[in-house]
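Enquirer: Before I ask anything, let me first share the structure, which is written out below as structure tokens.
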Amino acid sequence: MDLPVWQALYTELAARNFVVITVAMDAGGAADAGQWIEAAAPTHPSLIDVQHRVAELYDWVNVPSIAWIDEDGRIVRPNDPGFAGEYFRGMMEPDFDFQAMMSEAQQQQARYLAAVRDWVERGPACPYALTPDQVRERLAGPNADHARAAAYFRLGTYLQHHGRSDAAQAAFAHAKSLRPESWNYKRQAWHLEEMGKSGGPEFWAEVKALGNRPYYPRSEL
């Protein structure tokens, strides 16, 4: 879901105490993400997370990821891919049907936005609002390797921004080895190494290597 979609939903539901906060997890900072935020001109808070702290705190391994948080600050959906689907995985194939992909994406988007509206309307009675026990089941909990991976990623980002690319890539490699399921780490490391590399052959090779395993966390929405 892109910024204009979230802005439209915020405009629609703001009077009902609904707040959208969008976060671009982009190690390139404002130089990379700022232009998209400025073009969308959101009136909701729209932030840039250079060090991927949000992903670390919410246990997100891919984008897009969404969390629903109620009026009491309680997470009621902790790690939701929202509209994301697996349809994109055939984009490099010669017979890829772009229109079919867009149709599926639009259907998923409409279904997801309807679920958010239902939650705003009914609160805990919404069937997609999880109980505290269900939320705990979905969260991985503390993990020493994940914490070290996050530290190495922050170190790599710091080194990259200070012109020490070789040392940065070594730090990113440590981060990826400690948490290989994190596509956020992979794609940001590739992007900082070389513009466009995050969507290049290495990315598509790793996507293909997944086989039947999902690229995004599964969602019942």
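For the structure tokens, the naming scheme is as follows: chains receive sequential letters (A, B, ...) according to their order of presentation, residues are indexed from 1 within each chain, and ligands are indexed from 1 in presentation order.
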Mind the document's chain letters and residue numbers, and return as a list in words the residues of region 24-216 of chain A that DSSP labels strand (DSSP E or B).
Expert: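 Across region 24-216 of chain A, those assigned strand (DSSP E or B) are Ala24, Ser46, Leu47, Ile48, Ile66, Ala67, Trp68, Ile69, Ile75, Val76, Arg77, Pro78, Asn79 and Asp80 of chain A.
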Enquirer: Give the alpha helix (DSSP H) residues of region 102-188 of chain A, as DSSP finds them on the backbone, and put them as a ChimeraX atom specification.
Expert: /A:102-122,132-138,144-161,165-178,183-188
Enquirer: Write the selection just made, keeping C-alpha atoms, as a CSV table (one decimal), in the first residue's frame?
Expert:
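File selection_11.csv, as written:
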```
chain,number,residue,atom,x,y,z
A,102,MET,CA,-2.7,-5.6,-10.6
A,103,SER,CA,-6.2,-7.1,-10.4
A,104,GLU,CA,-5.2,-9.4,-7.6
A,105,ALA,CA,-3.3,-6.5,-5.8
A,106,GLN,CA,-6.4,-4.3,-6.0
A,107,GLN,CA,-8.7,-7.0,-4.6
A,108,GLN,CA,-6.3,-7.6,-1.7
A,109,GLN,CA,-6.0,-3.9,-1.0
A,110,ALA,CA,-9.8,-3.4,-1.0
A,111,ARG,CA,-10.2,-6.4,1.4
A,112,TYR,CA,-7.5,-5.1,3.7
A,113,LEU,CA,-8.9,-1.5,3.9
A,114,ALA,CA,-12.3,-3.0,4.6
A,115,ALA,CA,-10.8,-4.9,7.5
A,116,VAL,CA,-9.2,-1.7,8.9
A,117,ARG,CA,-12.5,0.2,8.6
A,118,ASP,CA,-14.3,-2.6,10.5
A,119,TRP,CA,-11.7,-2.5,13.3
A,120,VAL,CA,-12.2,1.3,13.6
A,121,GLU,CA,-15.9,0.8,13.7
A,122,ARG,CA,-16.1,-2.2,16.1
A,132,PRO,CA,-3.3,-10.7,23.7
A,133,ASP,CA,-2.6,-14.4,23.7
A,134,GLN,CA,-2.9,-14.5,19.9
A,135,VAL,CA,-0.6,-11.6,19.6
A,136,ARG,CA,2.0,-13.2,21.8
A,137,GLU,CA,1.8,-16.4,19.6
A,138,ARG,CA,2.7,-14.3,16.6
A,144,ALA,CA,20.1,-13.0,21.0
A,145,ASP,CA,21.0,-13.6,17.3
A,146,HIS,CA,18.4,-11.2,16.2
A,147,ALA,CA,19.7,-8.5,18.6
A,148,ARG,CA,23.2,-9.0,17.3
A,149,ALA,CA,22.0,-8.9,13.7
A,150,ALA,CA,20.3,-5.5,14.4
A,151,ALA,CA,23.5,-4.2,16.0
A,152,TYR,CA,25.6,-5.3,13.0
A,153,PHE,CA,23.1,-3.7,10.6
A,154,ARG,CA,23.3,-0.4,12.4
A,155,LEU,CA,27.1,-0.6,12.4
A,156,GLY,CA,27.0,-1.2,8.7
A,157,THR,CA,24.8,1.7,8.0
A,158,TYR,CA,27.0,4.0,10.1
A,159,LEU,CA,30.1,2.8,8.3
A,160,GLN,CA,28.5,3.1,4.8
A,161,HIS,CA,27.5,6.7,5.5
A,165,SER,CA,32.1,0.6,2.3
A,166,ASP,CA,34.2,-2.5,2.6
A,167,ALA,CA,33.8,-2.5,6.4
A,168,ALA,CA,30.1,-1.8,6.0
A,169,GLN,CA,29.6,-4.7,3.7
A,170,ALA,CA,31.3,-7.0,6.2
A,171,ALA,CA,29.0,-5.8,8.9
A,172,PHE,CA,26.0,-6.3,6.7
A,173,ALA,CA,27.2,-9.8,5.9
A,174,HIS,CA,27.3,-10.6,9.6
A,175,ALA,CA,23.7,-9.2,10.0
A,176,LYS,CA,22.4,-11.4,7.2
A,177,SER,CA,24.1,-14.5,8.5
A,178,LEU,CA,22.6,-14.0,11.9
A,183,TRP,CA,14.6,-9.4,3.5
A,184,ASN,CA,14.9,-5.9,5.0
A,185,TYR,CA,18.6,-6.5,5.8
A,186,LYS,CA,19.3,-8.1,2.4
A,187,ARG,CA,17.7,-5.4,0.3
A,188,GLN,CA,19.0,-2.5,2.2
```
Enquirer: Write out as JSON, numbers by chain which residues come within 10 Å of Leu57 (chain A) when counting only C-alpha atoms, dropping same-chain ones fewer than 2 positions away.
Expert: {"A": [52, 53, 54, 55, 59, 60, 142, 147, 150]}
Enquirer: Could you write out the selected residues, including all heavy atoms, as a PDB file, in the first residue's frame?
Expert:
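Now in out.pdb:
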```pdb
ATOM      1  N   HIS A  52      16.466   1.014  10.878  1.00  0.00           N
ATOM      2  CA  HIS A  52      15.509  -0.095  10.945  1.00  0.00           C
ATOM      3  C   HIS A  52      15.140  -0.454  12.389  1.00  0.00           C
ATOM      4  O   HIS A  52      14.892  -1.619  12.717  1.00  0.00           O
ATOM      5  CB  HIS A  52      16.052  -1.333  10.222  1.00  0.00           C
ATOM      6  CG  HIS A  52      16.079  -1.196   8.740  1.00  0.00           C
ATOM      7  ND1 HIS A  52      15.954  -2.277   7.889  1.00  0.00           N
ATOM      8  CD2 HIS A  52      16.190  -0.125   7.933  1.00  0.00           C
ATOM      9  CE1 HIS A  52      16.003  -1.864   6.629  1.00  0.00           C
ATOM     10  NE2 HIS A  52      16.149  -0.558   6.649  1.00  0.00           N
ATOM     11  N   ARG A  53      15.047   0.550  13.232  1.00  0.00           N
ATOM     12  CA  ARG A  53      14.685   0.301  14.619  1.00  0.00           C
ATOM     13  C   ARG A  53      13.249  -0.203  14.737  1.00  0.00           C
ATOM     14  O   ARG A  53      12.942  -1.040  15.585  1.00  0.00           O
ATOM     15  CB  ARG A  53      14.852   1.586  15.446  1.00  0.00           C
ATOM     16  CG  ARG A  53      16.297   1.986  15.656  1.00  0.00           C
ATOM     17  CD  ARG A  53      16.984   1.078  16.649  1.00  0.00           C
ATOM     18  NE  ARG A  53      16.472   1.297  18.002  1.00  0.00           N
ATOM     19  CZ  ARG A  53      16.746   0.529  19.035  1.00  0.00           C
ATOM     20  NH1 ARG A  53      17.518  -0.533  18.873  1.00  0.00           N
ATOM     21  NH2 ARG A  53      16.261   0.788  20.228  1.00  0.00           N
ATOM     22  N   VAL A  54      12.359   0.307  13.884  1.00  0.00           N
ATOM     23  CA  VAL A  54      10.965  -0.134  13.939  1.00  0.00           C
ATOM     24  C   VAL A  54      10.878  -1.628  13.614  1.00  0.00           C
ATOM     25  O   VAL A  54      10.186  -2.386  14.294  1.00  0.00           O
ATOM     26  CB  VAL A  54      10.089   0.687  12.975  1.00  0.00           C
ATOM     27  CG1 VAL A  54       8.682   0.105  12.894  1.00  0.00           C
ATOM     28  CG2 VAL A  54      10.021   2.143  13.435  1.00  0.00           C
ATOM     29  N   ALA A  55      11.605  -2.053  12.594  1.00  0.00           N
ATOM     30  CA  ALA A  55      11.605  -3.469  12.234  1.00  0.00           C
ATOM     31  C   ALA A  55      12.138  -4.323  13.374  1.00  0.00           C
ATOM     32  O   ALA A  55      11.617  -5.403  13.662  1.00  0.00           O
ATOM     33  CB  ALA A  55      12.443  -3.686  10.977  1.00  0.00           C
ATOM     34  N   ASP A  59       9.659  -6.808  15.183  1.00  0.00           N
ATOM     35  CA  ASP A  59      10.002  -8.121  14.624  1.00  0.00           C
ATOM     36  C   ASP A  59       9.536  -8.255  13.176  1.00  0.00           C
ATOM     37  O   ASP A  59       8.972  -9.277  12.778  1.00  0.00           O
ATOM     38  CB  ASP A  59       9.412  -9.243  15.487  1.00  0.00           C
ATOM     39  CG  ASP A  59      10.058 -10.590  15.186  1.00  0.00           C
ATOM     40  OD1 ASP A  59      11.270 -10.622  14.922  1.00  0.00           O
ATOM     41  OD2 ASP A  59       9.335 -11.611  15.204  1.00  0.00           O
ATOM     42  N   TRP A  60       9.784  -7.228  12.380  1.00  0.00           N
ATOM     43  CA  TRP A  60       9.440  -7.250  10.971  1.00  0.00           C
ATOM     44  C   TRP A  60      10.649  -7.702  10.157  1.00  0.00           C
ATOM     45  O   TRP A  60      11.766  -7.248  10.386  1.00  0.00           O
ATOM     46  CB  TRP A  60       9.006  -5.869  10.495  1.00  0.00           C
ATOM     47  CG  TRP A  60       7.680  -5.429  11.048  1.00  0.00           C
ATOM     48  CD1 TRP A  60       6.749  -6.203  11.656  1.00  0.00           C
ATOM     49  CD2 TRP A  60       7.159  -4.098  11.044  1.00  0.00           C
ATOM     50  NE1 TRP A  60       5.657  -5.443  12.024  1.00  0.00           N
ATOM     51  CE2 TRP A  60       5.884  -4.151  11.667  1.00  0.00           C
ATOM     52  CE3 TRP A  60       7.629  -2.877  10.581  1.00  0.00           C
ATOM     53  CZ2 TRP A  60       5.085  -3.013  11.831  1.00  0.00           C
ATOM     54  CZ3 TRP A  60       6.838  -1.750  10.748  1.00  0.00           C
ATOM     55  CH2 TRP A  60       5.576  -1.824  11.364  1.00  0.00           C
ATOM     56  N   PRO A 142      12.260 -12.305  22.514  1.00  0.00           N
ATOM     57  CA  PRO A 142      13.689 -11.955  22.502  1.00  0.00           C
ATOM     58  C   PRO A 142      14.537 -13.054  21.871  1.00  0.00           C
ATOM     59  O   PRO A 142      14.292 -14.238  22.065  1.00  0.00           O
ATOM     60  CB  PRO A 142      14.018 -11.785  23.996  1.00  0.00           C
ATOM     61  CG  PRO A 142      12.702 -11.524  24.651  1.00  0.00           C
ATOM     62  CD  PRO A 142      11.691 -12.308  23.875  1.00  0.00           C
ATOM     63  N   ALA A 147      19.155  -9.760  17.982  1.00  0.00           N
ATOM     64  CA  ALA A 147      19.676  -8.519  18.560  1.00  0.00           C
ATOM     65  C   ALA A 147      21.059  -8.198  17.999  1.00  0.00           C
ATOM     66  O   ALA A 147      21.361  -7.045  17.674  1.00  0.00           O
ATOM     67  CB  ALA A 147      19.727  -8.637  20.082  1.00  0.00           C
ATOM     68  N   ALA A 150      20.742  -6.935  14.417  1.00  0.00           N
ATOM     69  CA  ALA A 150      20.329  -5.535  14.373  1.00  0.00           C
ATOM     70  C   ALA A 150      21.509  -4.616  14.664  1.00  0.00           C
ATOM     71  O   ALA A 150      21.671  -3.562  14.027  1.00  0.00           O
ATOM     72  CB  ALA A 150      19.202  -5.292  15.376  1.00  0.00           C
TER      73      ALA A 150
END
```
Enquirer: If I take CA of Ala67 (chain A) and CA of Gly90 (chain A), how far is one from the other in Å, to one decimal?
Expert: 27.7 Å
Enquirer: Could you build a table of the residues in region 12-114 of chain A lying no more than 10 Å from region 204-212 of chain A, giving for each the nearest pair of atoms and their separation in Å rounded to one decimal place, using only C-alpha atoms, ordered by chain and ascending residue number, as CSV?
Expert:
```
residue,atom,partner,partner_atom,distance
A:Arg89,CA,A:Val207,CA,7.1
A:Gly90,CA,A:Lys208,CA,9.0
A:Met91,CA,A:Trp204,CA,9.4
A:Met92,CA,A:Trp204,CA,8.1
```
Enquirer: To one decimal in Å, tell me the separation between CA of Gly85 (chain A) and CA of Arg179 (chain A).
Expert: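 Distance reported for this atom pair: 22.3 Å.
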